Amino acid sequence: AQSVSQHNHHVILSEAASLELGCNYSYGGTVNLFWYVQYPGQHLQLLLKYFSGDPLVKGIKGFEAEFIKSKFSFNLRKPSVQWSDTAEYFCAVNAGYSSASKIIFGSGTRLSIRP
Amino acid sequence: GAGVSQTPSNKVTEKGKYVELRCDPISGHTALYWYRQSLGQGPEFLIYFQGTGAADDSGLPNDRFFAVRPEGSVSTLKIQRTERGDSAVYLCASSPEQGYGYTFGSGTRLTVV
């Protein structure tokens, strides 16, 4: 069965600091990987996704993530955070054999940015 | 429609009552998913439909939970004999047949008192 682990429950940073949120998954086969973001009071939005090809994926708002297959990791990064990045971030995975198979989410990392 | 629509946005019900939660997916999206999100947790998979049929219902917690999608578009999640532990935000998402990554609705916040 697939599972996703997010190591940090709550991260607090100052504006302009660099960000890296950890994500590890458990699944032996081909996977598709995602990062979703949930801003306060809003619904979940797709930040970026990896299907195949270049393991460094660029998403919206300056975010990127790197798929390292040997480490079963898909960490999210941003060189310089802004106050508006305050949100909950969820890493997710689904089995790559089917485009419509269920996505399994991690428990989330709450990011707080000090202005 | 432009996005995934869920109604009602909030529902308060008494323990033991029956509730229905509705999801209207993006037009043309063949796959529809239901998730449940409790405070401080990630979304928990419940069930997904491919067209009218439930392709995977392995996440439904027990037989009090049931979902339908009779015409392959709108879906209804039904919860019988609600319990306080059912209180959560119920999320619906849809995706195209060959798409990766879902579009989520705003959710229905269910409170069982």
# chains A, B, ... in the order shown; residues from 1 in each chain; ligands from 1
$ select_by_dssp --residues "segment 11-74 of chain B" --states "strand (DSSP E)" --output "number ranges by chain"
B: 11-13, 19-24, 31-37, 44-50, 53-56, 65-68
$ write_last_selection --atoms "C-alpha atoms" --output "PDB file, in the first residue's frame"
ATOM      1  CA  LYS B  11     -24.104  20.991   7.663  1.00  0.00           C
ATOM      2  CA  VAL B  12     -24.934  20.541  11.325  1.00  0.00           C
ATOM      3  CA  THR B  13     -26.850  17.416  12.222  1.00  0.00           C
ATOM      4  CA  VAL B  19     -27.167  13.228   5.775  1.00  0.00           C
ATOM      5  CA  GLU B  20     -26.467  13.654   2.081  1.00  0.00           C
ATOM      6  CA  LEU B  21     -23.596  15.646   0.678  1.00  0.00           C
ATOM      7  CA  ARG B  22     -23.588  16.662  -2.972  1.00  0.00           C
ATOM      8  CA  CYS B  23     -20.754  17.123  -5.443  1.00  0.00           C
ATOM      9  CA  ASP B  24     -21.047  18.610  -8.922  1.00  0.00           C
ATOM     10  CA  ALA B  31     -13.288  10.591 -12.505  1.00  0.00           C
ATOM     11  CA  LEU B  32     -14.775  11.813  -9.212  1.00  0.00           C
ATOM     12  CA  TYR B  33     -13.289  11.368  -5.744  1.00  0.00           C
ATOM     13  CA  TRP B  34     -14.477  11.778  -2.189  1.00  0.00           C
ATOM     14  CA  TYR B  35     -12.101  12.528   0.667  1.00  0.00           C
ATOM     15  CA  ARG B  36     -12.538  13.355   4.329  1.00  0.00           C
ATOM     16  CA  GLN B  37     -10.283  15.796   6.157  1.00  0.00           C
ATOM     17  CA  GLU B  44      -8.252  10.723   3.703  1.00  0.00           C
ATOM     18  CA  PHE B  45      -9.428   8.813   0.640  1.00  0.00           C
ATOM     19  CA  LEU B  46     -12.977   7.442   0.765  1.00  0.00           C
ATOM     20  CA  ILE B  47     -14.134   6.411  -2.714  1.00  0.00           C
ATOM     21  CA  TYR B  48     -13.657   7.175  -6.370  1.00  0.00           C
ATOM     22  CA  PHE B  49     -15.876   6.809  -9.419  1.00  0.00           C
ATOM     23  CA  GLN B  50     -14.928   6.292 -13.018  1.00  0.00           C
ATOM     24  CA  GLY B  53     -19.309   2.954 -11.229  1.00  0.00           C
ATOM     25  CA  ALA B  54     -17.310   2.964  -8.028  1.00  0.00           C
ATOM     26  CA  ALA B  55     -13.818   2.000  -9.149  1.00  0.00           C
ATOM     27  CA  ASP B  56     -12.376   1.920  -5.637  1.00  0.00           C
ATOM     28  CA  PHE B  65     -21.174   5.398   4.312  1.00  0.00           C
ATOM     29  CA  PHE B  66     -22.391   5.068   0.740  1.00  0.00           C
ATOM     30  CA  ALA B  67     -21.931   7.093  -2.433  1.00  0.00           C
ATOM     31  CA  VAL B  68     -23.640   7.144  -5.802  1.00  0.00           C
TER      32      VAL B  68
END
$ interface_residues --of "chain A" --to "chain B" --cutoff "10 Å" --atoms "only C-alpha atoms" --output "PDB file with C-alpha atoms, in the first residue's frame"
ATOM      1  CA  HIS A   9       4.300  19.361  11.146  1.00  0.00           C
ATOM      2  CA  ASN A  32       3.101  10.204  -9.767  1.00  0.00           C
ATOM      3  CA  LEU A  33       3.904  12.814  -7.130  1.00  0.00           C
ATOM      4  CA  PHE A  34       2.153  16.007  -6.160  1.00  0.00           C
ATOM      5  CA  TRP A  35       2.322  18.957  -3.833  1.00  0.00           C
ATOM      6  CA  TYR A  36      -0.928  20.655  -2.923  1.00  0.00           C
ATOM      7  CA  GLY A  41      -9.974  29.535   4.289  1.00  0.00           C
ATOM      8  CA  GLN A  42      -9.439  28.232   0.775  1.00  0.00           C
ATOM      9  CA  HIS A  43      -9.670  24.859  -0.919  1.00  0.00           C
ATOM     10  CA  LEU A  44      -6.781  22.616  -1.907  1.00  0.00           C
ATOM     11  CA  GLN A  45      -4.872  23.756  -4.984  1.00  0.00           C
ATOM     12  CA  LEU A  46      -2.281  21.920  -7.042  1.00  0.00           C
ATOM     13  CA  LEU A  47       1.167  23.471  -6.621  1.00  0.00           C
ATOM     14  CA  LEU A  48       3.158  21.132  -8.859  1.00  0.00           C
ATOM     15  CA  LYS A  49       3.268  17.546 -10.085  1.00  0.00           C
ATOM     16  CA  TYR A  50       5.748  14.978 -11.325  1.00  0.00           C
ATOM     17  CA  PHE A  51       4.855  12.220 -13.791  1.00  0.00           C
ATOM     18  CA  GLU A  88      -0.749  24.162   4.761  1.00  0.00           C
ATOM     19  CA  TYR A  89       1.268  22.067   2.297  1.00  0.00           C
ATOM     20  CA  PHE A  90       0.423  18.479   1.427  1.00  0.00           C
ATOM     21  CA  CYS A  91       2.591  15.987  -0.392  1.00  0.00           C
ATOM     22  CA  ALA A  92       0.697  13.256  -2.256  1.00  0.00           C
ATOM     23  CA  VAL A  93       1.319  10.189  -4.378  1.00  0.00           C
ATOM     24  CA  ASN A  94      -0.606   7.892  -6.658  1.00  0.00           C
ATOM     25  CA  GLY A  96       1.564   5.547 -11.894  1.00  0.00           C
ATOM     26  CA  SER A  98      -3.408   4.486 -13.755  1.00  0.00           C
ATOM     27  CA  SER A  99      -3.966   8.165 -14.286  1.00  0.00           C
ATOM     28  CA  ALA A 100      -7.167   8.028 -12.272  1.00  0.00           C
ATOM     29  CA  SER A 101      -6.106   5.896  -9.331  1.00  0.00           C
ATOM     30  CA  LYS A 102      -6.548   7.341  -5.874  1.00  0.00           C
ATOM     31  CA  ILE A 103      -4.114   9.910  -4.535  1.00  0.00           C
ATOM     32  CA  ILE A 104      -2.785   9.328  -1.032  1.00  0.00           C
ATOM     33  CA  PHE A 105      -1.954  12.447   0.969  1.00  0.00           C
ATOM     34  CA  GLY A 106       0.526  13.082   3.729  1.00  0.00           C
ATOM     35  CA  SER A 107      -0.583  14.655   6.988  1.00  0.00           C
ATOM     36  CA  GLY A 108       0.556  18.092   5.903  1.00  0.00           C
ATOM     37  CA  THR A 109       3.058  20.747   6.984  1.00  0.00           C
ATOM     38  CA  ARG A 110       1.816  24.044   8.291  1.00  0.00           C
TER      39      ARG A 110
END
$ select_by_dssp --residues "chain A" --states "helix (DSSP H, G or I)" --output "compact mmCIF listing (two decimals) with N, CA, C and O atoms, in the first residue's frame"
# COMPACT_ATOMS: atom_id res chain seq x y z
N ILE A 60 3.95 26.62 -9.56
CA ILE A 60 3.54 28.01 -9.50
C ILE A 60 4.19 28.73 -8.33
O ILE A 60 4.69 28.09 -7.40
N LYS A 61 4.21 30.04 -8.40
CA LYS A 61 4.65 30.91 -7.30
C LYS A 61 6.09 30.65 -6.88
O LYS A 61 6.43 30.85 -5.71
N GLY A 62 6.93 30.21 -7.78
CA GLY A 62 8.35 30.04 -7.50
C GLY A 62 8.71 28.77 -6.77
O GLY A 62 9.87 28.58 -6.38
N LYS A 69 14.51 9.25 -6.77
CA LYS A 69 13.93 7.91 -6.73
C LYS A 69 14.63 7.02 -5.70
O LYS A 69 13.98 6.25 -4.99
N SER A 70 15.94 7.12 -5.61
CA SER A 70 16.71 6.26 -4.71
C SER A 70 16.38 6.54 -3.24
O SER A 70 16.57 5.68 -2.39
N LYS A 71 15.90 7.73 -2.96
CA LYS A 71 15.55 8.10 -1.59
C LYS A 71 14.04 8.11 -1.36
O LYS A 71 13.60 8.45 -0.27
N TRP A 83 5.37 36.35 2.91
CA TRP A 83 4.33 36.23 3.92
C TRP A 83 3.10 35.50 3.34
O TRP A 83 2.45 34.71 4.01
N SER A 84 2.84 35.74 2.05
CA SER A 84 1.67 35.14 1.40
C SER A 84 1.80 33.63 1.20
O SER A 84 0.85 32.97 0.77
N ASP A 85 2.97 33.08 1.49
CA ASP A 85 3.14 31.62 1.39
C ASP A 85 2.63 30.89 2.63
O ASP A 85 2.65 29.66 2.68
$ atom_distance --atom1 "atom CA of Val74 of chain B" --atom2 "atom CA of Val31 of chain A"
28.8 Å
$ residues_around --residues "segment 16-28 of chain A" --least-positions-apart "5" --cutoff "6 Å" --atoms "only C-alpha atoms" --output "PDB file with N, CA, C and O atoms, in the first residue's frame"
ATOM      1  N   GLN A   2       0.359   2.270  -0.607  1.00  0.00           N
ATOM      2  CA  GLN A   2       1.116   3.511  -0.668  1.00  0.00           C
ATOM      3  C   GLN A   2       0.955   4.294   0.633  1.00  0.00           C
ATOM      4  O   GLN A   2      -0.088   4.238   1.271  1.00  0.00           O
ATOM      5  N   SER A   3       1.996   5.036   0.994  1.00  0.00           N
ATOM      6  CA  SER A   3       1.888   5.948   2.128  1.00  0.00           C
ATOM      7  C   SER A   3       2.822   7.121   1.890  1.00  0.00           C
ATOM      8  O   SER A   3       3.769   7.026   1.098  1.00  0.00           O
ATOM      9  N   VAL A   4       2.545   8.221   2.578  1.00  0.00           N
ATOM     10  CA  VAL A   4       3.335   9.438   2.424  1.00  0.00           C
ATOM     11  C   VAL A   4       3.677   9.977   3.804  1.00  0.00           C
ATOM     12  O   VAL A   4       2.791  10.069   4.663  1.00  0.00           O
ATOM     13  N   SER A   5       4.937  10.322   4.003  1.00  0.00           N
ATOM     14  CA  SER A   5       5.370  10.890   5.279  1.00  0.00           C
ATOM     15  C   SER A   5       5.885  12.305   5.081  1.00  0.00           C
ATOM     16  O   SER A   5       6.744  12.537   4.222  1.00  0.00           O
ATOM     17  N   GLN A   6       5.355  13.212   5.857  1.00  0.00           N
ATOM     18  CA  GLN A   6       5.862  14.584   5.858  1.00  0.00           C
ATOM     19  C   GLN A   6       6.484  14.821   7.228  1.00  0.00           C
ATOM     20  O   GLN A   6       5.821  14.705   8.248  1.00  0.00           O
ATOM     21  N   HIS A   7       7.744  15.164   7.227  1.00  0.00           N
ATOM     22  CA  HIS A   7       8.522  15.138   8.457  1.00  0.00           C
ATOM     23  C   HIS A   7       8.216  16.287   9.393  1.00  0.00           C
ATOM     24  O   HIS A   7       8.324  16.168  10.608  1.00  0.00           O
ATOM     25  N   PHE A  72      13.271   7.782  -2.383  1.00  0.00           N
ATOM     26  CA  PHE A  72      11.807   7.814  -2.293  1.00  0.00           C
ATOM     27  C   PHE A  72      11.355   9.178  -1.749  1.00  0.00           C
ATOM     28  O   PHE A  72      10.498   9.263  -0.886  1.00  0.00           O
ATOM     29  N   SER A  73      11.980  10.235  -2.252  1.00  0.00           N
ATOM     30  CA  SER A  73      11.677  11.562  -1.723  1.00  0.00           C
ATOM     31  C   SER A  73      11.204  12.510  -2.812  1.00  0.00           C
ATOM     32  O   SER A  73      11.508  12.330  -3.998  1.00  0.00           O
ATOM     33  N   PHE A  74      10.472  13.515  -2.379  1.00  0.00           N
ATOM     34  CA  PHE A  74       9.949  14.537  -3.287  1.00  0.00           C
ATOM     35  C   PHE A  74       9.823  15.827  -2.475  1.00  0.00           C
ATOM     36  O   PHE A  74       8.736  16.286  -2.167  1.00  0.00           O
ATOM     37  N   ASN A  75      10.952  16.410  -2.122  1.00  0.00           N
ATOM     38  CA  ASN A  75      10.975  17.580  -1.257  1.00  0.00           C
ATOM     39  C   ASN A  75      10.606  18.852  -2.014  1.00  0.00           C
ATOM     40  O   ASN A  75      10.997  19.052  -3.163  1.00  0.00           O
ATOM     41  N   LEU A  76       9.890  19.708  -1.326  1.00  0.00           N
ATOM     42  CA  LEU A  76       9.451  20.983  -1.889  1.00  0.00           C
ATOM     43  C   LEU A  76      10.406  22.083  -1.470  1.00  0.00           C
ATOM     44  O   LEU A  76      10.809  22.139  -0.309  1.00  0.00           O
ATOM     45  N   ARG A  77      10.737  22.969  -2.405  1.00  0.00           N
ATOM     46  CA  ARG A  77      11.684  24.040  -2.100  1.00  0.00           C
ATOM     47  C   ARG A  77      11.210  25.371  -2.680  1.00  0.00           C
ATOM     48  O   ARG A  77      10.467  25.421  -3.664  1.00  0.00           O
ATOM     49  N   LYS A  78      11.675  26.423  -1.992  1.00  0.00           N
ATOM     50  CA  LYS A  78      11.486  27.770  -2.532  1.00  0.00           C
ATOM     51  C   LYS A  78      12.633  28.620  -2.006  1.00  0.00           C
ATOM     52  O   LYS A  78      12.906  28.606  -0.804  1.00  0.00           O
ATOM     53  N   PRO A  79      13.344  29.335  -2.873  1.00  0.00           N
ATOM     54  CA  PRO A  79      14.554  30.050  -2.446  1.00  0.00           C
ATOM     55  C   PRO A  79      14.281  31.187  -1.463  1.00  0.00           C
ATOM     56  O   PRO A  79      15.092  31.443  -0.579  1.00  0.00           O
ATOM     57  N   SER A  80      13.133  31.850  -1.614  1.00  0.00           N
ATOM     58  CA  SER A  80      12.857  33.016  -0.788  1.00  0.00           C
ATOM     59  C   SER A  80      11.352  33.109  -0.554  1.00  0.00           C
ATOM     60  O   SER A  80      10.592  33.417  -1.478  1.00  0.00           O
ATOM     61  N   VAL A  81      10.932  32.827   0.681  1.00  0.00           N
ATOM     62  CA  VAL A  81       9.491  32.793   0.958  1.00  0.00           C
ATOM     63  C   VAL A  81       8.949  34.184   1.209  1.00  0.00           C
ATOM     64  O   VAL A  81       9.668  35.112   1.602  1.00  0.00           O
TER      65      VAL A  81
END
$ atom_distance --atom1 "atom CA of Val112 of chain B" --atom2 "atom CA of Tyr90 of chain B"
12.9 Å
$ atom_distance --atom1 "atom CA of Glu71 of chain B" --atom2 "atom CA of Thr52 of chain B"
6.0 Å
$ closest_residue --among "B:Ser87, B:Ser5, B:Gln80, B:Ser38" --to "Pro25 of chain B" --atoms "only C-alpha atoms"
B:Ser5
$ residues_around --residues "Ile12 of chain A" --least-positions-apart "3" --cutoff "9 Å" --atoms "only C-alpha atoms" --output "PyMOL selection string"
chain A and resi 110-114
